[in-house]
$ cat protein-v7.cif   # mmCIF, C-alpha atoms
data_input
#
loop_
_atom_site.label_atom_id
_atom_site.label_comp_id
_atom_site.auth_asym_id
_atom_site.auth_seq_id
_atom_site.Cartn_x
_atom_site.Cartn_y
_atom_site.Cartn_z
CA MET N 139 -11.65 -6.44 -4.28
CA PRO N 140 -11.82 -2.67 -4.65
CA ALA N 141 -10.70 -1.43 -8.05
CA GLY N 142 -9.61 1.99 -9.20
CA PHE N 143 -6.83 4.44 -8.52
CA LEU N 144 -6.01 4.82 -4.79
CA LEU N 145 -8.55 2.15 -3.80
CA ALA N 146 -6.35 -0.59 -5.26
CA GLU N 147 -3.20 0.92 -3.77
CA ASP N 148 -4.77 1.26 -0.31
CA ALA N 149 -5.94 -2.35 -0.45
CA ALA N 150 -2.45 -3.54 -1.42
CA VAL N 151 -0.83 -1.65 1.48
CA LYS N 152 -3.36 -2.92 4.00
CA ALA N 153 -2.82 -6.49 2.76
CA ARG N 154 0.95 -6.08 3.13
CA PHE N 155 0.60 -5.24 6.84
CA SER N 156 -2.13 -7.77 7.62
CA ASN N 157 -1.58 -11.20 9.18
CA ILE N 158 1.26 -10.01 11.46
CA THR N 159 1.42 -11.47 14.95
CA VAL N 160 3.44 -10.81 18.11
CA SER N 161 3.96 -13.05 21.13
CA ASP N 162 4.24 -12.75 24.90
CA ASP N 163 3.91 -14.91 28.00
CA ARG N 164 0.10 -14.95 27.67
CA ASN N 165 -0.29 -15.50 23.93
CA ASN N 166 2.14 -17.12 21.46
CA SER N 167 0.36 -15.63 18.46
CA ARG N 168 -1.38 -12.33 19.19
CA PRO N 169 -2.81 -10.84 15.95
CA VAL N 170 -2.07 -7.22 15.04
CA SER N 171 -5.10 -5.36 13.63
CA VAL N 172 -4.74 -2.91 10.72
CA PHE N 173 -6.86 0.25 10.32
CA PHE N 174 -7.01 3.05 7.75
CA ARG N 175 -7.41 5.53 10.58
CA TYR N 176 -6.75 5.70 14.29
CA PRO N 177 -9.50 3.61 15.91
CA GLU N 178 -11.96 5.76 17.82
CA GLY N 179 -14.07 3.40 19.91
CA GLU N 180 -12.69 1.40 22.80
CA THR N 181 -14.26 -1.72 21.28
CA GLU N 182 -12.10 -1.26 18.16
CA LYS N 183 -8.86 -0.50 19.94
CA HIS N 184 -7.00 -3.68 20.84
CA TYR N 185 -3.26 -3.30 21.21
CA PRO N 186 -1.10 -3.82 19.31
CA PHE N 187 -2.44 -2.34 16.07
CA ILE N 188 -1.23 -0.62 12.89
CA THR N 189 -2.66 2.40 11.06
CA VAL N 190 -2.27 3.19 7.36
CA GLU N 191 -2.50 6.74 5.99
CA LEU N 192 -1.90 8.19 2.54
CA VAL N 193 -0.13 11.49 3.30
CA ASP N 194 1.17 12.73 -0.07
CA LEU N 195 0.84 12.32 -3.83
CA ALA N 196 3.20 13.87 -6.37
CA HIS N 197 3.57 13.79 -10.16
CA ASN N 198 6.71 11.75 -10.89
CA LYS N 199 7.91 13.87 -13.83
CA SER N 200 11.15 11.91 -14.20
CA LEU N 201 9.10 8.90 -15.38
CA GLN N 202 6.63 10.83 -17.55
CA LEU N 203 6.70 9.87 -21.23
CA SER N 204 5.66 12.09 -24.11
CA GLU N 205 1.95 12.05 -24.88
CA THR N 206 1.22 8.88 -26.80
CA SER N 207 -1.29 6.06 -27.18
CA TYR N 208 -0.98 2.51 -25.89
CA TYR N 209 -2.54 -0.47 -27.63
CA TYR N 210 -3.54 -3.97 -26.55
CA ASP N 211 -4.17 -6.65 -29.18
CA GLY N 212 -3.76 -9.78 -27.07
CA THR N 213 -0.22 -10.56 -28.23
CA SER N 214 3.17 -10.20 -26.61
CA LYS N 215 3.86 -7.32 -29.01
CA SER N 216 1.13 -5.16 -27.48
CA THR N 217 2.45 -1.90 -26.08
CA ILE N 218 0.54 -2.52 -22.84
CA ASP N 219 -0.98 -5.49 -21.04
CA TYR N 220 -2.71 -3.85 -18.03
CA TYR N 221 -4.82 -0.85 -17.09
CA PRO N 222 -3.53 0.80 -13.90
CA SER N 223 -5.28 -0.18 -10.65
CA GLU N 224 -8.17 -1.83 -12.51
CA SER N 225 -7.43 -4.49 -15.14
CA THR N 226 -4.93 -7.32 -15.60
CA SER N 227 -3.91 -8.73 -18.97
CA SER N 228 -6.65 -11.38 -18.60
CA ASP N 229 -9.24 -8.69 -17.89
CA MET N 230 -8.18 -6.76 -20.98
CA SER N 231 -8.25 -9.93 -23.08
CA ALA N 232 -11.89 -10.39 -22.09
CA LEU N 233 -12.65 -6.86 -23.37
CA LEU N 234 -10.82 -7.39 -26.67
CA PRO N 235 -13.19 -7.49 -29.67
CA ASP N 236 -12.63 -9.99 -32.47
CA ASP N 237 -12.17 -7.27 -35.05
CA GLY N 238 -10.23 -4.67 -33.11
CA VAL N 239 -7.71 -3.58 -30.50
CA LEU N 240 -7.92 -1.67 -27.24
CA LYS N 241 -6.48 1.83 -27.01
CA VAL N 242 -5.72 4.14 -24.07
CA ASP N 243 -3.76 7.35 -23.69
CA SER N 244 -0.44 7.32 -21.85
CA PHE N 245 -0.62 7.22 -18.06
CA VAL N 246 0.54 9.82 -15.54
CA PRO N 247 3.22 8.38 -13.22
CA VAL N 248 2.86 9.43 -9.59
CA THR N 249 4.54 8.75 -6.28
CA LEU N 250 2.31 7.92 -3.32
CA VAL N 251 3.64 8.44 0.20
CA TYR N 252 2.18 6.31 2.97
CA GLN N 253 2.64 6.72 6.70
CA ILE N 254 2.42 3.47 8.65
CA SER N 255 2.20 3.73 12.45
CA THR N 256 2.49 0.88 14.94
CA TYR N 257 0.95 1.16 18.42
CA THR N 258 1.75 -1.18 21.31
CA ARG N 259 1.45 -1.10 25.08
CA SER N 260 4.63 -3.08 25.74
CA ALA N 261 8.25 -2.61 24.77
CA LEU N 262 8.40 -6.31 23.83
CA HIS N 263 5.63 -6.01 21.24
CA ASP N 264 7.17 -2.78 19.97
CA ARG N 265 10.52 -4.49 19.38
CA GLN N 266 8.89 -7.51 17.76
CA LEU N 267 6.89 -5.33 15.36
CA THR N 268 9.93 -3.22 14.50
CA SER N 269 11.97 -6.33 13.80
CA LYS N 270 9.31 -7.93 11.61
CA LEU N 271 8.63 -4.78 9.60
CA LEU N 272 12.30 -3.98 8.96
CA ARG N 273 13.31 -7.58 8.20
CA ARG N 274 10.34 -9.06 6.37
CA VAL N 275 7.47 -6.68 5.63
CA THR N 276 9.17 -3.49 4.38
CA PRO N 277 12.95 -4.04 4.21
CA PHE N 278 15.17 -1.14 3.20
CA ARG N 279 16.33 -3.11 0.15
CA ARG N 280 14.21 -5.00 -2.38
CA GLY N 281 11.09 -3.01 -1.57
CA PHE N 282 8.15 -4.05 -3.75
CA ILE N 283 4.39 -4.54 -3.51
CA GLU N 284 1.94 -6.46 -5.67
CA SER N 285 -1.27 -4.92 -6.98
CA PRO N 286 -3.69 -7.79 -7.72
CA GLU N 287 -6.15 -5.45 -9.47
CA ASP N 288 -3.84 -4.85 -12.44
CA GLY N 289 -1.30 -7.66 -11.96
CA THR N 290 1.66 -5.30 -11.56
CA ILE N 291 4.52 -5.28 -9.08
CA ARG N 292 5.37 -1.76 -7.93
CA ARG N 293 8.28 -0.23 -6.07
CA PHE N 294 7.49 0.16 -2.37
CA ASP N 295 10.45 1.76 -0.67
CA LEU N 296 10.94 2.35 3.04
CA MET N 297 12.25 5.90 3.28
CA GLY N 298 12.75 5.92 7.05
CA TRP N 299 11.16 5.47 10.43
CA THR N 300 11.06 7.30 13.72
CA SER N 301 10.06 6.62 17.30
CA ALA N 302 7.11 8.72 18.47
CA ASP N 303 5.94 7.35 21.81
CA LEU N 304 2.81 8.77 23.45
CA LEU N 305 1.29 9.01 26.92
CA ASP N 306 -2.07 7.23 27.03
CA GLN N 307 -4.84 9.79 27.56
CA GLU N 308 -7.34 7.07 28.48
CA ALA N 309 -5.08 5.92 31.32
CA GLY N 310 -4.74 9.42 32.74
CA TYR N 311 -1.40 9.95 30.98
CA LYS N 312 0.21 7.45 33.35
CA LYS N 313 0.84 4.68 30.81
CA ARG N 314 3.03 4.77 27.75
CA ILE N 315 2.03 3.84 24.21
CA PHE N 316 4.99 2.70 22.14
CA ARG N 317 4.64 4.09 18.62
CA LYS N 318 6.81 3.87 15.51
CA VAL N 319 6.08 5.85 12.35
CA TYR N 320 7.30 4.48 9.00
CA THR N 321 7.35 6.45 5.75
CA LEU N 322 7.04 4.50 2.50
CA GLN N 323 6.85 5.45 -1.17
CA MET N 324 4.91 3.57 -3.85
CA ASN N 325 4.99 4.04 -7.62
CA ALA N 326 1.57 4.28 -9.26
CA GLU N 327 -0.05 5.50 -12.48
CA ILE N 328 -3.19 7.50 -13.14
CA PRO N 329 -5.10 6.63 -16.33
CA THR N 330 -5.87 9.71 -18.43
CA SER N 331 -8.50 8.06 -20.63
CA ASP N 332 -10.94 5.17 -20.56
CA ILE N 333 -10.27 2.02 -22.55
CA ASN N 334 -11.50 2.53 -26.13
CA THR N 335 -12.08 -0.06 -28.86
CA ILE N 336 -10.48 0.57 -32.25
CA LYS N 337 -11.52 -1.56 -35.22
CA LYS N 338 -8.83 -3.13 -37.34
CA VAL N 339 -8.63 -1.82 -40.88
#
$ encode --input "protein-v7.cif" --output "structure tokens"
Amino acid sequence: MPAGFLLAEDAAVKARFSNITVSDDRNNSRPVSVFFRYPEGETEKHYPFITVELVDLAHNKSLQLSETSYYYDGTSKSTIDYYPSESTSSDMSALLPDDGVLKVDSFVPVTLVYQISTYTRSALHDRQLTSKLLRRVTPFRRGFIESPEDGTIRRFDLMGWTSADLLDQEAGYKKRIFRKVYTLQMNAEIPTSDINTIKKV
């Protein structure tokens, strides 16, 4: 699995939108591919598909704490038990020396904004995807996403969606591509220091 800021978040978003299927009179379970960009080659482009794009990043000052240090000593009283986008509590436990603790500087909270677009060639698939995304994948309430790299559960809120249908250039602008664009926000943190080992006195 990719580890590190933005890589872990991208992987979590892609995983959230993977394994979605639609159905029609030819196929009861047609898989929906997920790309980090609009597919370029005809061999890649099989409708329906979903694209994922990171479109904004902002410092979430309302969640910023005063400059401080966090410590991990392997107990429930540690001030931290993960390292953003990289290490779970188990990972940190493996780094913990017998005669010391782990120390990091406070993290910078940020808000990531993702744009998710769905592309279909039929109104039926478009409706099915819209229904699945709004009901099960990214509901307006209870929005969350898991980050396996650090073992955290983040907020992942659907801010809105819009219809943005296109005319298919490859079909001489005679066929319609049904497209929906969803805007989602995710909470994340940027580490400001590496993990350091401090010996116990």
$ closest_residue --input "protein-v7.cif" --among "N:Pro277, N:Gly298, N:Pro247, N:Pro222" --to "Ala141 of chain N" --atoms "all atoms listed in the file"
N:Pro222
$ atom_distance --input "protein-v7.cif" --atom1 "atom CA of Ile218 of chain N" --atom2 "atom CA of Arg279 of chain N"
27.9 Å
$ residues_around --input "protein-v7.cif" --residues "segment 165-179 of chain N" --least-positions-apart "4" --cutoff "12 Å" --atoms "all atoms listed in the file" --output "VMD selection string"
chain N and resid 145 148 to 149 151 to 161 183 to 193 252 to 258 263 to 264 266 to 267 270 308
$ resolve_selection --input "protein-v7.cif" --expression "the PyMOL selection byres ((chain N and resi 338) around 7)" --output "MDAnalysis selection string"
chainID N and resid 237:239 336:337 339
$ closest_residue --input "protein-v7.cif" --among "N:Ile283, N:Thr268, N:Tyr209, N:Gln323" --to "Ser301 of chain N" --atoms "all atoms listed in the file"
N:Thr268
$ atom_distance --input "protein-v7.cif" --atom1 "atom CA of Asp295 of chain N" --atom2 "atom CA of Leu195 of chain N"
14.6 Å
$ resolve_selection --input "protein-v7.cif" --expression "the PyMOL selection byres ((chain N and resi 216) around 12)" --output "number ranges by chain"
N: 207-215, 217-220, 227, 230-231, 239-241
$ write_last_selection --input "protein-v7.cif" --atoms "C-alpha atoms" --output "PDB file, in the coordinates of the input"
ATOM      1  CA  SER N 207      -1.290   6.060 -27.180  1.00  0.00           C
ATOM      2  CA  TYR N 208      -0.980   2.510 -25.890  1.00  0.00           C
ATOM      3  CA  TYR N 209      -2.540  -0.470 -27.630  1.00  0.00           C
ATOM      4  CA  TYR N 210      -3.540  -3.970 -26.550  1.00  0.00           C
ATOM      5  CA  ASP N 211      -4.170  -6.650 -29.180  1.00  0.00           C
ATOM      6  CA  GLY N 212      -3.760  -9.780 -27.070  1.00  0.00           C
ATOM      7  CA  THR N 213      -0.220 -10.560 -28.230  1.00  0.00           C
ATOM      8  CA  SER N 214       3.170 -10.200 -26.610  1.00  0.00           C
ATOM      9  CA  LYS N 215       3.860  -7.320 -29.010  1.00  0.00           C
ATOM     10  CA  THR N 217       2.450  -1.900 -26.080  1.00  0.00           C
ATOM     11  CA  ILE N 218       0.540  -2.520 -22.840  1.00  0.00           C
ATOM     12  CA  ASP N 219      -0.980  -5.490 -21.040  1.00  0.00           C
ATOM     13  CA  TYR N 220      -2.710  -3.850 -18.030  1.00  0.00           C
ATOM     14  CA  SER N 227      -3.910  -8.730 -18.970  1.00  0.00           C
ATOM     15  CA  MET N 230      -8.180  -6.760 -20.980  1.00  0.00           C
ATOM     16  CA  SER N 231      -8.250  -9.930 -23.080  1.00  0.00           C
ATOM     17  CA  VAL N 239      -7.710  -3.580 -30.500  1.00  0.00           C
ATOM     18  CA  LEU N 240      -7.920  -1.670 -27.240  1.00  0.00           C
ATOM     19  CA  LYS N 241      -6.480   1.830 -27.010  1.00  0.00           C
TER      20      LYS N 241
END
$ atom_distance --input "protein-v7.cif" --atom1 "atom CA of Arg273 of chain N" --atom2 "atom CA of Leu304 of chain N"
24.7 Å
$ residues_around --input "protein-v7.cif" --residues "Glu147 of chain N" --least-positions-apart "3" --cutoff "9 Å" --atoms "only C-alpha atoms" --output "number ranges by chain"
N: 141-144, 150-152, 223, 250, 285, 324, 326
$ closest_residue --input "protein-v7.cif" --among "N:Pro286, N:Leu203, N:Asn325, N:Ser269" --to "Asp229 of chain N" --atoms "all atoms listed in the file"
N:Pro286
$ closest_residue --input "protein-v7.cif" --among "N:Ser225, N:His197, N:Lys318, N:Asp162" --to "Gly289 of chain N" --atoms "only C-alpha atoms"
N:Ser225
$ closest_residue --input "protein-v7.cif" --among "N:Asp303, N:Asp163, N:Glu205, N:Glu224" --to "Glu327 of chain N" --atoms "all atoms listed in the file"
N:Glu224
$ residues_around --input "protein-v7.cif" --residues "Thr276 of chain N" --least-positions-apart "2" --cutoff "8 Å" --atoms "only C-alpha atoms" --output "short mmCIF file (atom, residue, chain, number, x, y, z; two decimals) with C-alpha atoms, in the coordinates of the input"
data_model
loop_
_atom_site.label_atom_id
_atom_site.label_comp_id
_atom_site.auth_asym_id
_atom_site.auth_seq_id
_atom_site.Cartn_x
_atom_site.Cartn_y
_atom_site.Cartn_z
CA LEU N 271 8.63 -4.78 9.60
CA LEU N 272 12.30 -3.98 8.96
CA ARG N 273 13.31 -7.58 8.20
CA ARG N 274 10.34 -9.06 6.37
CA PHE N 278 15.17 -1.14 3.20
CA GLY N 281 11.09 -3.01 -1.57
CA PHE N 294 7.49 0.16 -2.37
CA ASP N 295 10.45 1.76 -0.67
CA LEU N 296 10.94 2.35 3.04
#
